[in-house]
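Just below is one structure, and these are the notes that go with it.
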Amino acid sequence: MNQYLSTVFSILNGIRTLAITCAGWGDSGKGKFVDLFARWASLIIRCTGGPNAGHTIVVDGKTYILHQLPSGILYDAEGKLNVIGSGVAFDPTEATKELAMLALEGILCRNLRISYRAPLLLPQHIALDLLKEMESTSRIGTTGRGIGPCYTDRVARRGLTVNDLLNKDIFVRKLRRNLAEYERIFGSADPEVVAQVMRHERLLGGRYAAAKGRTFDPDAILEQYLQYAEGFREFICDTDELVRESIHQGQRVLLEGAQGLLLSIEYGTYPFVTSSECSPRGLAMGAGISERAIDLNLGVVKFYDTRVGKGPFPSEIGGSQSEAWCNSGKVLQADEARDYGTASVNDPDPFTQGIALRLKAGEYGATTKRPRRIGWRDLVMLRHALRILGPDIIVTKPDVLSGVERVKTCGSYRYIGPCYRIGGKTLEPGAHLTDCPPDSDVLSACEPVYREYDGWQEPIGDIREFMELPTNLRKVLRHMETATNARLRLVSVGPSREQTVVAS
Ligand code: IMP
């Protein structure tokens with residue numbers, strides 16, 4: 001390891017179990033740090049979420065996008081254990097695809113372990129997720145990977161686990177019982193929409209569709225999943241015990257977060273959230289350990305904000321126009337590059353400025369390719385997130401804002417909706433809010449109150465000393481810390497590992 005990275009790793013002195021989470025709506029740049037700290041760890045575990053995640057890792061100039069496998073899998077040859085924990089929705093179709101993709105690159109995953117308790121993601125989960133997204137009344141803007149239905153089955157006590165793959169009779173019995181529920185739901189849906197859903201590529205182009213009378217063919221699911229069982233048999237075990245034992249032996253363990261606190265089922269902007277718990281508490285549960293076993297959580301915070309899918313986003317640059325544009329499902333990066341390629345990051349029209357920033361930052365979904373909605377850093381939301389995550393943060397991507405003349409942070413909101421009761425109090429129109437309200441409709445009726453700063457012109461990607469960062473950038477970082485009670489540990493000034501500055 002080079003001298004410089006040793007300096008970065010010095011923030012982990014005395015730490016054995018490290019968690020990395022995101023303090024926003026996902027896509028904060030966790031992947032770079034999971035990859036960086038995977039070099040430090042001997043066991044890396046994904047604890048929550050499923051193939052809805054899109055972790056982009058750049059190693060030796062090559063970009064890998066992983067949805068299901070832990071990001072540390074790229075270090076398999078070094079003997080590091082990579083674990084899919086018992087809180088992860090495990091989709092064997094996606095995992096098979098990723099293992100094949102890595103094998104083509106010469107990366108063999110000998111040290112992968114999959115929890116026998118992990119919820120098993122099945123075709124009916126993907127089908128229901130897609131169906132709900134097509135029914136305009138229930139749209140959340142999900143990734144369509146079946147996450148919500150898979151976790152719903154777990155809570156409703158009708159789900160299957162990874163270990164069921166290894167016991168054919170039990171698998172068949174549970175699958176049939178589970179499908180009965182889905183047949184009921186799909187039986188009352190529009191048959192044309194159902195047919196369209198069942199032909200979706202993620203459902204292998206119709207492989208699981210029943211010939212007639214029913215929607216799903218259990219035999220087709222069984223056949224495919226028995227094949228998966230063969231492929232994964234050797235990896236399936238009690239990973240909770242494995243992780244506890246590693247911690248007991250004093251090994252370095254890295255808990256890799258997925259999504260972000262503001263998408264968490266407990267603390268996020270409900271109902272526009274994912275269906276797992278993205279906090280360190282959720283990670284601990286998904287790894288089979290106590291939260292107290294985590295020595296340090298590093299919350300990754302993007303210097304500006306982004307959000308994918310529907311849901312309130314008070315500091316969105318371009319407001320509802322941006323939301324409608326990004327969620328139209330019709331706009332891709334190439335379209336924006338063609339039509340707005342020359343737009344300025346200082347454009348006086350916020351909608352255009354937002355697109356220019358998105359293009360500059362490359363803010364397009366790793367999983368869905370959707371344009372990410374982009375906004376100024378919301379400190380109300382960050383304060384809320386850090387109450388759960390703890391104070392230690394890594395700030396990413398300030399380099400994107402080099403050249404922006406006026407930089408903003410949102411420190412509070414002005415409420416413009418109708419009177420609303422919160423407990424014993426009434427929120428009146430025009431009220432000033434410094435805390436995140438408990439309802440997404442109320443949050444949607446909040447206007448940002450901004451603090452503005454002079455920006456900085458120079459690129460910062462080559463800077464390695466905190467005090468050499470532009471003064472104006474340091475001012476914003478310091479304000480971010482004081483306004484949210486954060487403790488800044490690292491600043492990322494570019495995508496590569498070395499482009500990391502230790503805060504002082
Ligand atoms: P689901 O997790 O697919 O059910 O989607 C629920 C919400 O979480 C949607 O708004 C998604 O866009 C969002 N979401 C899920 N995973 C990610 C992620 O990895 N990054 C950003 N947003 C995500």
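Starting from 1 in every chain, residues are counted up; chains themselves are A, B, ... following the order of the structure tokens, and ligands are numbered from 1 as listed.
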
Closest pair table for chain A residues within 6 Å of ligand 1, only C-alpha atoms and all ligand atoms, as JSON lines:
{"residue": "A:Trp25", "atom": "CA", "partner": "ligand 1", "partner_atom_place_in_ligand_line": "21 (C)", "distance": 5.8}
{"residue": "A:Gly26", "atom": "CA", "partner": "ligand 1", "partner_atom_place_in_ligand_line": "20 (N)", "distance": 4.2}
{"residue": "A:Asp27", "atom": "CA", "partner": "ligand 1", "partner_atom_place_in_ligand_line": "20 (N)", "distance": 5.0}
{"residue": "A:Asn52", "atom": "CA", "partner": "ligand 1", "partner_atom_place_in_ligand_line": "16 (N)", "distance": 4.6}
{"residue": "A:Ala53", "atom": "CA", "partner": "ligand 1", "partner_atom_place_in_ligand_line": "19 (O)", "distance": 3.5}
{"residue": "A:Gly54", "atom": "CA", "partner": "ligand 1", "partner_atom_place_in_ligand_line": "19 (O)", "distance": 5.2}
{"residue": "A:Ile140", "atom": "CA", "partner": "ligand 1", "partner_atom_place_in_ligand_line": "10 (O)", "distance": 5.9}
{"residue": "A:Gly141", "atom": "CA", "partner": "ligand 1", "partner_atom_place_in_ligand_line": "9 (C)", "distance": 5.0}
{"residue": "A:Thr142", "atom": "CA", "partner": "ligand 1", "partner_atom_place_in_ligand_line": "5 (O)", "distance": 3.3}
{"residue": "A:Thr143", "atom": "CA", "partner": "ligand 1", "partner_atom_place_in_ligand_line": "3 (O)", "distance": 3.7}
{"residue": "A:Gly144", "atom": "CA", "partner": "ligand 1", "partner_atom_place_in_ligand_line": "3 (O)", "distance": 5.4}
{"residue": "A:Arg145", "atom": "CA", "partner": "ligand 1", "partner_atom_place_in_ligand_line": "3 (O)", "distance": 5.7}
{"residue": "A:Ile147", "atom": "CA", "partner": "ligand 1", "partner_atom_place_in_ligand_line": "4 (O)", "distance": 5.0}
{"residue": "A:Gly148", "atom": "CA", "partner": "ligand 1", "partner_atom_place_in_ligand_line": "4 (O)", "distance": 5.0}
{"residue": "A:Gln259", "atom": "CA", "partner": "ligand 1", "partner_atom_place_in_ligand_line": "19 (O)", "distance": 4.4}
{"residue": "A:Leu263", "atom": "CA", "partner": "ligand 1", "partner_atom_place_in_ligand_line": "8 (O)", "distance": 5.9}
{"residue": "A:Phe272", "atom": "CA", "partner": "ligand 1", "partner_atom_place_in_ligand_line": "10 (O)", "distance": 5.8}
{"residue": "A:Val273", "atom": "CA", "partner": "ligand 1", "partner_atom_place_in_ligand_line": "7 (C)", "distance": 4.7}
{"residue": "A:Thr274", "atom": "CA", "partner": "ligand 1", "partner_atom_place_in_ligand_line": "6 (C)", "distance": 3.9}
{"residue": "A:Val308", "atom": "CA", "partner": "ligand 1", "partner_atom_place_in_ligand_line": "12 (O)", "distance": 4.4}
{"residue": "A:Gly309", "atom": "CA", "partner": "ligand 1", "partner_atom_place_in_ligand_line": "10 (O)", "distance": 4.0}
{"residue": "A:Lys310", "atom": "CA", "partner": "ligand 1", "partner_atom_place_in_ligand_line": "10 (O)", "distance": 5.5}

Contacts of range 182-191 of chain A within 8 Å, only C-alpha atoms, excl. fewer than 3 positions in-chain, as a PyMOL selection string = chain A and resi 124+128+178-179+194-195+214-216

Name the residues in contact with range 223-230 of chain A at a cut-off of 8 Å, using only C-alpha atoms, excluding same-chain residues fewer than 2 positions from it; report them as a list of chain:residue names.
-> A:Pro92, A:Thr93, A:Thr96, A:Leu165, A:Leu166, A:Lys168, A:Asp219, A:Ala220, A:Ile221, A:Phe232, A:Arg233

Near range 241-244 of chain A, counting only C-alpha atoms, which residues have an atom at most 8 Å away, once you skip same-chain residues fewer than 6 positions from it, shown as a PyMOL selection string?
-> chain A and resi 43+253+287-289

Would you mind exporting all heavy atoms of the selected residues as a JSON list (two decimals), in the first residue's frame?
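What ended up in part_25.json:
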[["chain", "number", "residue", "atom", "x", "y", "z"],
["A", 43, "LEU", "N", -13.01, -9.27, 5.95],
["A", 43, "LEU", "CA", -14.35, -9.77, 5.62],
["A", 43, "LEU", "C", -15.21, -8.57, 5.24],
["A", 43, "LEU", "O", -15.24, -7.57, 5.96],
["A", 43, "LEU", "CB", -14.94, -10.50, 6.82],
["A", 43, "LEU", "CG", -16.31, -11.16, 6.61],
["A", 43, "LEU", "CD1", -16.45, -12.40, 7.49],
["A", 43, "LEU", "CD2", -17.49, -10.22, 6.88],
["A", 253, "VAL", "N", -13.61, -6.13, 9.90],
["A", 253, "VAL", "CA", -14.87, -6.42, 9.21],
["A", 253, "VAL", "C", -15.45, -5.12, 8.67],
["A", 253, "VAL", "O", -15.50, -4.11, 9.37],
["A", 253, "VAL", "CB", -15.86, -7.10, 10.19],
["A", 253, "VAL", "CG1", -17.25, -7.21, 9.59],
["A", 253, "VAL", "CG2", -15.33, -8.47, 10.60],
["A", 287, "ALA", "N", -26.42, -8.33, 9.37],
["A", 287, "ALA", "CA", -25.17, -9.08, 9.45],
["A", 287, "ALA", "C", -25.22, -10.09, 10.59],
["A", 287, "ALA", "O", -24.29, -10.87, 10.77],
["A", 287, "ALA", "CB", -24.00, -8.12, 9.67],
["A", 288, "GLY", "N", -26.28, -10.01, 11.40],
["A", 288, "GLY", "CA", -26.41, -10.94, 12.52],
["A", 288, "GLY", "C", -25.56, -10.55, 13.72],
["A", 288, "GLY", "O", -25.13, -11.41, 14.48],
["A", 289, "ILE", "N", -25.29, -9.24, 13.88],
["A", 289, "ILE", "CA", -24.49, -8.81, 15.03],
["A", 289, "ILE", "C", -25.23, -7.71, 15.78],
["A", 289, "ILE", "O", -26.23, -7.18, 15.29],
["A", 289, "ILE", "CB", -23.09, -8.29, 14.59],
["A", 289, "ILE", "CG1", -23.25, -7.11, 13.61],
["A", 289, "ILE", "CG2", -22.27, -9.40, 13.98],
["A", 289, "ILE", "CD1", -21.94, -6.41, 13.29]]

Compile the contact shell of Asp153 in chain A as a PyMOL selection string: residues with an atom at most 9 Å away, counting only C-alpha atoms, same-chain residues fewer than 5 positions apart removed.
-> chain A and resi 119+125+148+158-160+178

Export of the given selection (C-alpha atoms) as a compact mmCIF listing (two decimals), in the first residue's frame:
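Written out: selection_1.txt:
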# COMPACT_ATOMS: atom_id res chain seq x y z
CA PRO A 119 -34.85 -13.72 1.84
CA HIS A 125 -41.63 -10.32 -6.65
CA GLY A 148 -40.65 -4.32 -1.92
CA ARG A 158 -44.91 -16.27 3.57
CA GLY A 159 -41.42 -15.68 2.11
CA LEU A 160 -38.80 -18.24 1.11
CA ASN A 178 -46.57 -18.19 -1.81

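Taking only range 86-132 of chain A, the residues that DSSP calls helix (DSSP H, G or I) from the backbone come to Pro92, Thr93, Glu94, Ala95, Thr96, Lys97, Glu98, Leu99, Ala100, Met101, Leu102, Ala103, Leu104, Pro123, Gln124, His125, Ile126, Ala127, Leu128, Asp129, Leu130, Leu131 and Lys132 of chain A.
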
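With only C-alpha atoms as the atoms that count, the residue of A:Pro470, A:Gly430, A:Gly341, A:Gly375 with the shortest distance to Gly403 in chain A is A:Pro470.
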
Compile the contact shell of Arg414 in chain A as a ChimeraX atom specification: residues with an atom at most 12 Å away, counting only C-alpha atoms, same-chain residues fewer than 3 positions apart removed.
-> /A:314-315,380,410-411,417,427-437,442-450

Excluding same-chain residues fewer than 5 positions from Glu78 in chain A, what lies within 12 Å of it counting only C-alpha atoms, as a ChimeraX atom specification?
-> /A:38-43,72-73,107-111

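The two atoms in question, CA of Ala361 in chain A and CA of Pro348 in chain A, are spaced 18.7 Å apart.
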
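Distances to Glu363 in chain A were evaluated for A:Asp392, A:Asp305, A:Asp169, A:Asp378 using only C-alpha atoms, and the minimum falls at A:Asp305.
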